[in-house]
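Next comes input.cif, a file with mmCIF, C-alpha atoms and all ligand atoms; chains and numbers go by the auth columns.
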```cif
data_model
#
loop_
_atom_site.group_PDB
_atom_site.id
_atom_site.type_symbol
_atom_site.label_atom_id
_atom_site.label_comp_id
_atom_site.label_asym_id
_atom_site.label_seq_id
_atom_site.Cartn_x
_atom_site.Cartn_y
_atom_site.Cartn_z
_atom_site.B_iso_or_equiv
_atom_site.auth_seq_id
_atom_site.auth_asym_id
ATOM 1 C CA MET A 1 -2.317 40.716 79.807 0.00 1 A
ATOM 2 C CA ILE A 2 -4.190 42.555 82.551 0.00 2 A
ATOM 3 C CA LEU A 3 -2.899 43.505 85.999 0.00 3 A
ATOM 4 C CA GLY A 4 -5.184 43.309 89.042 0.00 4 A
ATOM 5 C CA VAL A 5 -4.283 45.252 92.173 0.00 5 A
ATOM 6 C CA ASP A 6 -5.661 45.027 95.713 0.00 6 A
ATOM 7 C CA VAL A 7 -4.806 48.111 97.767 0.00 7 A
ATOM 8 C CA GLY A 8 -5.702 47.061 101.294 0.00 8 A
ATOM 9 C CA GLY A 9 -5.150 48.572 104.726 0.00 9 A
ATOM 10 C CA THR A 10 -1.977 46.506 105.217 0.00 10 A
ATOM 11 C CA ASN A 11 -0.772 45.136 101.870 0.00 11 A
ATOM 12 C CA ILE A 12 -0.885 45.816 98.150 0.00 12 A
ATOM 13 C CA ASP A 13 -1.317 42.525 96.256 0.00 13 A
ATOM 14 C CA ILE A 14 -0.803 42.363 92.515 0.00 14 A
ATOM 15 C CA VAL A 15 -1.833 39.591 90.111 0.00 15 A
ATOM 16 C CA ALA A 16 -1.552 39.212 86.350 0.00 16 A
ATOM 17 C CA PHE A 17 -4.168 37.607 84.126 0.00 17 A
ATOM 18 C CA GLU A 18 -3.604 36.167 80.713 0.00 18 A
ATOM 19 C CA LYS A 19 -5.160 32.719 80.425 0.00 19 A
ATOM 20 C CA ASP A 20 -5.063 32.266 84.151 0.00 20 A
ATOM 21 C CA PHE A 21 -4.224 34.310 87.246 0.00 21 A
ATOM 22 C CA SER A 22 -0.679 34.479 88.589 0.00 22 A
ATOM 23 C CA HIS A 23 0.653 36.285 91.663 0.00 23 A
ATOM 24 C CA VAL A 24 3.068 39.070 90.702 0.00 24 A
ATOM 25 C CA ALA A 25 4.038 40.691 94.022 0.00 25 A
ATOM 26 C CA THR A 26 2.927 41.933 97.433 0.00 26 A
ATOM 27 C CA TYR A 27 4.092 45.231 98.958 0.00 27 A
ATOM 28 C CA PRO A 28 3.367 46.964 102.286 0.00 28 A
ATOM 29 C CA THR A 29 0.689 49.644 101.695 0.00 29 A
ATOM 30 C CA ARG A 30 2.344 52.112 104.085 0.00 30 A
ATOM 31 C CA ASP A 31 5.542 52.312 102.000 0.00 31 A
ATOM 32 C CA TYR A 32 4.071 52.097 98.502 0.00 32 A
ATOM 33 C CA VAL A 33 0.657 53.765 98.349 0.00 33 A
ATOM 34 C CA ALA A 34 2.113 57.251 97.737 0.00 34 A
ATOM 35 C CA LYS A 35 4.107 56.021 94.709 0.00 35 A
ATOM 36 C CA LEU A 36 1.578 53.507 93.431 0.00 36 A
ATOM 37 C CA ASP A 37 1.529 54.904 89.885 0.00 37 A
ATOM 38 C CA LYS A 38 5.317 54.635 89.545 0.00 38 A
ATOM 39 C CA LEU A 39 5.197 51.035 90.752 0.00 39 A
ATOM 40 C CA LEU A 40 2.270 50.116 88.502 0.00 40 A
ATOM 41 C CA ASN A 41 3.719 51.811 85.425 0.00 41 A
ATOM 42 C CA GLU A 42 6.926 49.772 85.869 0.00 42 A
ATOM 43 C CA LEU A 43 4.886 46.569 86.121 0.00 43 A
ATOM 44 C CA VAL A 44 2.723 47.544 83.128 0.00 44 A
ATOM 45 C CA GLU A 45 5.898 47.874 81.065 0.00 45 A
ATOM 46 C CA ARG A 46 7.472 44.684 82.385 0.00 46 A
ATOM 47 C CA TYR A 47 4.340 42.589 81.773 0.00 47 A
ATOM 48 C CA GLN A 48 3.208 44.467 78.657 0.00 48 A
ATOM 49 C CA ALA A 49 -0.179 44.890 80.328 0.00 49 A
ATOM 50 C CA LYS A 50 -3.007 46.481 78.341 0.00 50 A
ATOM 51 C CA ALA A 51 -5.029 47.628 81.341 0.00 51 A
ATOM 52 C CA VAL A 52 -5.071 47.687 85.132 0.00 52 A
ATOM 53 C CA GLY A 53 -7.906 46.955 87.561 0.00 53 A
ATOM 54 C CA ILE A 54 -7.548 48.363 91.064 0.00 54 A
ATOM 55 C CA GLY A 55 -9.569 47.301 94.083 0.00 55 A
ATOM 56 C CA PHE A 56 -9.207 49.932 96.786 0.00 56 A
ATOM 57 C CA ALA A 57 -10.161 49.754 100.464 0.00 57 A
ATOM 58 C CA GLY A 58 -12.141 52.973 100.419 0.00 58 A
ATOM 59 C CA TRP A 59 -15.347 54.658 99.347 0.00 59 A
ATOM 60 C CA ILE A 60 -15.354 55.318 95.628 0.00 60 A
ATOM 61 C CA ARG A 61 -17.953 57.271 93.746 0.00 61 A
ATOM 62 C CA ARG A 62 -17.668 57.367 89.919 0.00 62 A
ATOM 63 C CA GLY A 63 -13.973 56.437 89.905 0.00 63 A
ATOM 64 C CA LYS A 64 -12.986 58.970 92.623 0.00 64 A
ATOM 65 C CA ILE A 65 -11.849 58.037 96.117 0.00 65 A
ATOM 66 C CA ILE A 66 -13.949 60.083 98.517 0.00 66 A
ATOM 67 C CA LYS A 67 -12.928 58.411 101.771 0.00 67 A
ATOM 68 C CA ALA A 68 -10.450 55.755 102.893 0.00 68 A
ATOM 69 C CA PRO A 69 -10.782 55.280 106.655 0.00 69 A
ATOM 70 C CA ASN A 70 -8.033 52.627 106.846 0.00 70 A
ATOM 71 C CA ILE A 71 -5.417 54.019 104.437 0.00 71 A
ATOM 72 C CA LYS A 72 -3.274 57.152 104.837 0.00 72 A
ATOM 73 C CA LEU A 73 -3.714 58.846 101.470 0.00 73 A
ATOM 74 C CA ASN A 74 -1.842 62.161 101.733 0.00 74 A
ATOM 75 C CA ASP A 75 -1.820 63.404 98.144 0.00 75 A
ATOM 76 C CA PHE A 76 -2.789 60.180 96.411 0.00 76 A
ATOM 77 C CA LYS A 77 -3.013 60.636 92.648 0.00 77 A
ATOM 78 C CA LEU A 78 -3.009 58.000 89.961 0.00 78 A
ATOM 79 C CA LYS A 79 -1.479 58.591 86.541 0.00 79 A
ATOM 80 C CA LEU A 80 -1.116 55.361 84.609 0.00 80 A
ATOM 81 C CA ASP A 81 0.201 54.808 81.082 0.00 81 A
ATOM 82 C CA VAL A 82 -2.707 52.436 80.257 0.00 82 A
ATOM 83 C CA PRO A 83 -6.479 52.548 80.923 0.00 83 A
ATOM 84 C CA TYR A 84 -7.485 51.557 84.413 0.00 84 A
ATOM 85 C CA VAL A 85 -10.578 50.855 86.498 0.00 85 A
ATOM 86 C CA LEU A 86 -10.712 51.881 90.160 0.00 86 A
ATOM 87 C CA ASP A 87 -13.347 50.247 92.335 0.00 87 A
ATOM 88 C CA ASN A 88 -14.105 49.387 95.928 0.00 88 A
ATOM 89 C CA ASP A 89 -12.231 46.282 97.121 0.00 89 A
ATOM 90 C CA ALA A 90 -15.351 44.515 98.407 0.00 90 A
ATOM 91 C CA ASN A 91 -17.026 45.043 95.004 0.00 91 A
ATOM 92 C CA CYS A 92 -14.018 43.305 93.407 0.00 92 A
ATOM 93 C CA PHE A 93 -14.279 40.482 95.953 0.00 93 A
ATOM 94 C CA ALA A 94 -18.006 40.021 95.274 0.00 94 A
ATOM 95 C CA LEU A 95 -17.462 39.943 91.504 0.00 95 A
ATOM 96 C CA TYR A 96 -14.710 37.323 91.846 0.00 96 A
ATOM 97 C CA ALA A 97 -16.853 35.249 94.245 0.00 97 A
ATOM 98 C CA SER A 98 -19.716 35.352 91.727 0.00 98 A
ATOM 99 C CA HIS A 99 -17.339 34.283 88.937 0.00 99 A
ATOM 100 C CA VAL A 100 -15.624 31.461 90.809 0.00 100 A
ATOM 101 C CA LEU A 101 -18.623 30.076 92.747 0.00 101 A
ATOM 102 C CA GLY A 102 -21.217 30.612 90.009 0.00 102 A
ATOM 103 C CA PHE A 103 -23.782 32.693 91.953 0.00 103 A
ATOM 104 C CA LYS A 104 -25.456 35.446 89.919 0.00 104 A
ATOM 105 C CA ASN A 105 -26.995 37.140 92.957 0.00 105 A
ATOM 106 C CA LEU A 106 -24.830 37.413 96.012 0.00 106 A
ATOM 107 C CA ILE A 107 -23.561 39.552 98.840 0.00 107 A
ATOM 108 C CA GLY A 108 -19.800 39.404 99.389 0.00 108 A
ATOM 109 C CA ILE A 109 -18.538 40.408 102.819 0.00 109 A
ATOM 110 C CA THR A 110 -14.858 41.020 103.484 0.00 110 A
ATOM 111 C CA ILE A 111 -13.680 41.148 107.066 0.00 111 A
ATOM 112 C CA GLY A 112 -10.079 42.185 107.618 0.00 112 A
ATOM 113 C CA THR A 113 -8.974 45.518 109.076 0.00 113 A
ATOM 114 C CA GLY A 114 -12.569 46.675 108.599 0.00 114 A
ATOM 115 C CA ILE A 115 -15.756 45.247 107.099 0.00 115 A
ATOM 116 C CA GLY A 116 -16.594 45.770 103.439 0.00 116 A
ATOM 117 C CA SER A 117 -19.376 44.386 101.348 0.00 117 A
ATOM 118 C CA GLY A 118 -20.223 44.161 97.676 0.00 118 A
ATOM 119 C CA ILE A 119 -23.485 43.289 95.949 0.00 119 A
ATOM 120 C CA VAL A 120 -23.801 41.318 92.718 0.00 120 A
ATOM 121 C CA VAL A 121 -27.209 41.394 90.994 0.00 121 A
ATOM 122 C CA ASP A 122 -27.761 39.352 87.813 0.00 122 A
ATOM 123 C CA GLY A 123 -24.001 38.860 87.520 0.00 123 A
ATOM 124 C CA LYS A 124 -23.232 42.597 87.724 0.00 124 A
ATOM 125 C CA VAL A 125 -21.923 44.696 90.597 0.00 125 A
ATOM 126 C CA TYR A 126 -24.634 46.922 92.053 0.00 126 A
ATOM 127 C CA ARG A 127 -23.197 50.286 93.152 0.00 127 A
ATOM 128 C CA GLY A 128 -26.209 52.525 93.598 0.00 128 A
ATOM 129 C CA GLU A 129 -24.805 56.056 93.531 0.00 129 A
ATOM 130 C CA GLY A 130 -21.395 54.512 94.187 0.00 130 A
ATOM 131 C CA LEU A 131 -21.333 53.489 97.824 0.00 131 A
ATOM 132 C CA ALA A 132 -23.944 50.706 97.963 0.00 132 A
ATOM 133 C CA GLY A 133 -23.218 47.914 100.415 0.00 133 A
ATOM 134 C CA GLU A 134 -21.376 49.654 103.254 0.00 134 A
ATOM 135 C CA ILE A 135 -22.561 47.135 105.839 0.00 135 A
ATOM 136 C CA GLY A 136 -19.533 47.868 108.079 0.00 136 A
ATOM 137 C CA HIS A 137 -20.980 51.317 108.744 0.00 137 A
ATOM 138 C CA TRP A 138 -24.480 50.239 109.703 0.00 138 A
ATOM 139 C CA PHE A 139 -25.546 51.636 113.043 0.00 139 A
ATOM 140 C CA VAL A 140 -25.821 48.820 115.562 0.00 140 A
ATOM 141 C CA GLY A 141 -26.000 50.848 118.779 0.00 141 A
ATOM 142 C CA GLY A 142 -23.641 52.240 121.382 0.00 142 A
ATOM 143 C CA ASN A 143 -21.343 55.205 121.239 0.00 143 A
ATOM 144 C CA GLU A 144 -18.040 53.755 120.004 0.00 144 A
ATOM 145 C CA ILE A 145 -16.238 56.019 117.521 0.00 145 A
ATOM 146 C CA CYS A 146 -15.723 54.535 114.061 0.00 146 A
ATOM 147 C CA THR A 147 -12.744 55.133 111.734 0.00 147 A
ATOM 148 C CA CYS A 148 -15.193 56.863 109.357 0.00 148 A
ATOM 149 C CA GLY A 149 -15.997 59.471 112.014 0.00 149 A
ATOM 150 C CA GLY A 150 -19.429 58.040 112.842 0.00 150 A
ATOM 151 C CA ARG A 151 -20.495 56.270 116.023 0.00 151 A
ATOM 152 C CA GLY A 152 -21.850 52.851 116.913 0.00 152 A
ATOM 153 C CA HIS A 153 -21.105 51.262 113.536 0.00 153 A
ATOM 154 C CA LEU A 154 -20.732 47.492 113.067 0.00 154 A
ATOM 155 C CA GLU A 155 -16.979 47.911 112.414 0.00 155 A
ATOM 156 C CA CYS A 156 -16.572 49.414 115.895 0.00 156 A
ATOM 157 C CA TYR A 157 -17.434 45.997 117.342 0.00 157 A
ATOM 158 C CA PHE A 158 -16.297 43.392 114.826 0.00 158 A
ATOM 159 C CA GLY A 159 -13.170 43.319 112.647 0.00 159 A
ATOM 160 C CA GLY A 160 -9.408 43.822 112.783 0.00 160 A
ATOM 161 C CA TRP A 161 -9.067 47.405 114.016 0.00 161 A
ATOM 162 C CA SER A 162 -11.785 47.017 116.619 0.00 162 A
ATOM 163 C CA PHE A 163 -10.326 43.775 118.023 0.00 163 A
ATOM 164 C CA LYS A 164 -6.852 45.346 118.079 0.00 164 A
ATOM 165 C CA LYS A 165 -8.120 48.436 119.894 0.00 165 A
ATOM 166 C CA ARG A 166 -9.513 46.143 122.593 0.00 166 A
ATOM 167 C CA SER A 167 -6.288 44.051 122.704 0.00 167 A
ATOM 168 C CA LEU A 168 -8.104 41.049 121.259 0.00 168 A
ATOM 169 C CA ASN A 169 -6.172 38.815 118.871 0.00 169 A
ATOM 170 C CA ALA A 170 -8.435 38.040 115.899 0.00 170 A
ATOM 171 C CA ILE A 171 -6.594 34.876 114.838 0.00 171 A
ATOM 172 C CA GLU A 172 -6.560 33.553 118.397 0.00 172 A
ATOM 173 C CA LEU A 173 -10.287 34.340 118.711 0.00 173 A
ATOM 174 C CA VAL A 174 -11.045 32.376 115.535 0.00 174 A
ATOM 175 C CA GLU A 175 -8.758 29.439 116.289 0.00 175 A
ATOM 176 C CA SER A 176 -10.090 29.003 119.817 0.00 176 A
ATOM 177 C CA GLY A 177 -13.688 29.400 118.621 0.00 177 A
ATOM 178 C CA ARG A 178 -14.218 32.184 121.189 0.00 178 A
ATOM 179 C CA ILE A 179 -15.146 34.580 118.392 0.00 179 A
ATOM 180 C CA TYR A 180 -18.568 32.878 118.160 0.00 180 A
ATOM 181 C CA GLU A 181 -19.240 33.587 121.829 0.00 181 A
ATOM 182 C CA LEU A 182 -18.771 37.356 121.431 0.00 182 A
ATOM 183 C CA GLU A 183 -21.883 39.480 121.464 0.00 183 A
ATOM 184 C CA ASP A 184 -20.141 41.283 118.568 0.00 184 A
ATOM 185 C CA PHE A 185 -20.443 38.160 116.408 0.00 185 A
ATOM 186 C CA GLU A 186 -24.191 38.319 117.006 0.00 186 A
ATOM 187 C CA LYS A 187 -24.188 41.934 115.775 0.00 187 A
ATOM 188 C CA LEU A 188 -22.484 40.807 112.557 0.00 188 A
ATOM 189 C CA CYS A 189 -25.003 37.995 112.010 0.00 189 A
ATOM 190 C CA ILE A 190 -27.973 40.328 112.578 0.00 190 A
ATOM 191 C CA CYS A 191 -26.604 42.827 110.020 0.00 191 A
ATOM 192 C CA VAL A 192 -26.003 40.054 107.472 0.00 192 A
ATOM 193 C CA ALA A 193 -29.528 38.671 108.024 0.00 193 A
ATOM 194 C CA ASN A 194 -30.991 42.156 107.501 0.00 194 A
ATOM 195 C CA ALA A 195 -28.989 42.555 104.279 0.00 195 A
ATOM 196 C CA VAL A 196 -30.295 39.174 103.086 0.00 196 A
ATOM 197 C CA THR A 197 -33.883 40.264 103.720 0.00 197 A
ATOM 198 C CA LEU A 198 -33.264 43.418 101.680 0.00 198 A
ATOM 199 C CA LEU A 199 -31.685 41.697 98.669 0.00 199 A
ATOM 200 C CA ASP A 200 -32.744 38.000 98.774 0.00 200 A
ATOM 201 C CA PRO A 201 -29.426 36.749 97.322 0.00 201 A
ATOM 202 C CA GLU A 202 -28.580 33.145 96.373 0.00 202 A
ATOM 203 C CA ALA A 203 -25.543 33.292 98.605 0.00 203 A
ATOM 204 C CA VAL A 204 -23.563 35.292 101.119 0.00 204 A
ATOM 205 C CA VAL A 205 -19.817 34.804 100.661 0.00 205 A
ATOM 206 C CA PHE A 206 -17.319 35.801 103.364 0.00 206 A
ATOM 207 C CA GLY A 207 -13.732 36.751 102.540 0.00 207 A
ATOM 208 C CA GLY A 208 -10.818 38.712 103.953 0.00 208 A
ATOM 209 C CA ARG A 209 -8.291 37.590 106.552 0.00 209 A
ATOM 210 C CA ILE A 210 -10.888 37.183 109.324 0.00 210 A
ATOM 211 C CA GLY A 211 -14.023 36.551 107.256 0.00 211 A
ATOM 212 C CA SER A 212 -12.594 33.666 105.240 0.00 212 A
ATOM 213 C CA SER A 213 -11.423 31.869 108.374 0.00 213 A
ATOM 214 C CA LEU A 214 -14.877 31.811 110.003 0.00 214 A
ATOM 215 C CA ASN A 215 -16.711 28.498 110.152 0.00 215 A
ATOM 216 C CA GLU A 216 -19.350 28.167 107.410 0.00 216 A
ATOM 217 C CA ARG A 217 -21.698 26.002 109.465 0.00 217 A
ATOM 218 C CA THR A 218 -21.601 28.291 112.491 0.00 218 A
ATOM 219 C CA LEU A 219 -22.143 31.375 110.323 0.00 219 A
ATOM 220 C CA LYS A 220 -25.100 29.710 108.634 0.00 220 A
ATOM 221 C CA GLU A 221 -26.702 28.556 111.863 0.00 221 A
ATOM 222 C CA ARG A 222 -26.347 31.968 113.506 0.00 222 A
ATOM 223 C CA ILE A 223 -27.416 34.078 110.493 0.00 223 A
ATOM 224 C CA TYR A 224 -30.463 31.822 109.933 0.00 224 A
ATOM 225 C CA ARG A 225 -31.572 32.559 113.512 0.00 225 A
ATOM 226 C CA TYR A 226 -32.435 36.078 112.416 0.00 226 A
ATOM 227 C CA LEU A 227 -34.058 35.182 109.095 0.00 227 A
ATOM 228 C CA MET A 228 -37.594 34.235 108.225 0.00 228 A
ATOM 229 C CA SER A 229 -37.718 30.630 107.027 0.00 229 A
ATOM 230 C CA GLU A 230 -38.439 31.767 103.459 0.00 230 A
ATOM 231 C CA PHE A 231 -34.885 33.151 103.245 0.00 231 A
ATOM 232 C CA ARG A 232 -32.281 30.395 103.036 0.00 232 A
ATOM 233 C CA PRO A 233 -29.268 31.670 101.052 0.00 233 A
ATOM 234 C CA GLU A 234 -26.117 29.594 100.885 0.00 234 A
ATOM 235 C CA ILE A 235 -23.515 30.819 103.350 0.00 235 A
ATOM 236 C CA LYS A 236 -19.962 30.339 102.089 0.00 236 A
ATOM 237 C CA THR A 237 -16.403 31.361 102.864 0.00 237 A
ATOM 238 C CA LEU A 238 -13.879 31.983 100.104 0.00 238 A
ATOM 239 C CA ASN A 239 -10.340 31.557 101.313 0.00 239 A
ATOM 240 C CA ASP A 240 -8.215 33.210 98.643 0.00 240 A
ATOM 241 C CA PRO A 241 -5.980 36.101 99.762 0.00 241 A
ATOM 242 C CA LEU A 242 -5.802 37.254 96.119 0.00 242 A
ATOM 243 C CA ALA A 243 -9.585 37.296 95.522 0.00 243 A
ATOM 244 C CA VAL A 244 -9.794 41.133 95.457 0.00 244 A
ATOM 245 C CA ALA A 245 -6.872 41.487 93.013 0.00 245 A
ATOM 246 C CA LYS A 246 -8.404 38.796 90.776 0.00 246 A
ATOM 247 C CA GLY A 247 -11.798 40.519 90.958 0.00 247 A
ATOM 248 C CA ALA A 248 -10.090 43.776 89.969 0.00 248 A
ATOM 249 C CA CYS A 249 -8.888 42.029 86.771 0.00 249 A
ATOM 250 C CA LEU A 250 -12.470 40.909 86.106 0.00 250 A
ATOM 251 C CA MET A 251 -13.669 44.518 86.527 0.00 251 A
ATOM 252 C CA VAL A 252 -11.516 45.462 83.522 0.00 252 A
ATOM 253 C CA MET A 253 -12.832 42.573 81.412 0.00 253 A
ATOM 254 C CA LYS A 254 -16.542 43.185 82.187 0.00 254 A
HETATM 255 ZN ZN ZN B . -18.212 53.881 110.291 0.00 1 B
#
```
Mind turning the file's structure into structure tokens?
Amino acid sequence: MILGVDVGGTNIDIVAFEKDFSHVATYPTRDYVAKLDKLLNELVERYQAKAVGIGFAGWIRRGKIIKAPNIKLNDFKLKLDVPYVLDNDANCFALYASHVLGFKNLIGITIGTGIGSGIVVDGKVYRGEGLAGEIGHWFVGGNEICTCGGRGHLECYFGGWSFKKRSLNAIELVESGRIYELEDFEKLCICVANAVTLLDPEAVVFGGRIGSSLNERTLKERIYRYLMSEFRPEIKTLNDPLAVAKGACLMVMK
């Protein structure tokens, strides 16, 4: 038995994997992140888990969290009674997308509170020196302040915190289709097209609360606008709120 954990900006989702995945629990991040090890150690005992995989919404270099723009960390420390793997949440998403959709080379993009992305090359997560794939913090112009401390990053224009700051309702934007009329959607598509040109993946897979609810055909049409005709990756959405937690389990098994 392995436990997979998704520590996101809003919720902590936990799944268990034995022969298949099952949802264990969901907790609000705000109330539980400071005592995550206590919570996980209790679950490890209850489920007799041998290891834990944790997908974390932050920048992780060699197993250490170096920045988490969307989570209040205070004195976050992790002492678990079993071995664990700590990785970026978008990396976990990309690994799960590769596993479930069968693409060996892909870019996974999660759009929720912020924008994360993970790269899978030949079936393995590509990390570079640890932070590879931070598409949400690409400079796209302007002077808006980002949660990371930078300015003019993609996240400043597209994604949960940016919409909220401008009193835009993300779900309403998606449901009404108005999201595709925003100049900010264009910014997203240009960044994705640039990433495709850099990596030439088989597919780009969108996840997260906002990303997974976008229309595949519209995404494809708009991303292709900015690509040379030689680049035609599949553009997919993966609507599974537990994808990061499941990917975190896979991180342990790899
Ligand atoms: Zn930023």
For atom CA of A:Lys77 and atom CA of A:Gly4, the interatomic separation in Å (one decimal): 17.8 Å
Ligand ZN 1 (chain B) neighbours within 12 Å using all atoms listed in the file, as a ChimeraX atom specification: /A:58-59,67-70,114-116,134-141,143-159,161-162
Gap from atom CA of A:Ile71 to atom CA of A:Tyr27 - Å, one decimal: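 These two atoms are separated by 14.1 Å.
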Residues in the PyMOL selection byres (((chain A and resi 83-93) around 6) and not hetatm), expressed as a ChimeraX atom specification: /A:51-57,63,82,94-96,116-118,243-244,247-248
The PyMOL selection byres (((chain A and resi 16) around 6) and not hetatm) applied to the shown file, residues as a PDB file with C-alpha atoms, in the coordinates of the input:
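In the end it all went to result07.pdb:
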```pdb
ATOM      1  CA  ILE A   2      -4.190  42.555  82.551  1.00  0.00           C
ATOM      2  CA  LEU A   3      -2.899  43.505  85.999  1.00  0.00           C
ATOM      3  CA  VAL A  15      -1.833  39.591  90.111  1.00  0.00           C
ATOM      4  CA  PHE A  17      -4.168  37.607  84.126  1.00  0.00           C
ATOM      5  CA  PHE A  21      -4.224  34.310  87.246  1.00  0.00           C
ATOM      6  CA  SER A  22      -0.679  34.479  88.589  1.00  0.00           C
TER       7      SER A  22
END
```
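Interatomic distance, atom CA of A:Gly9 to atom CA of A:Ile60: 15.2 Å.
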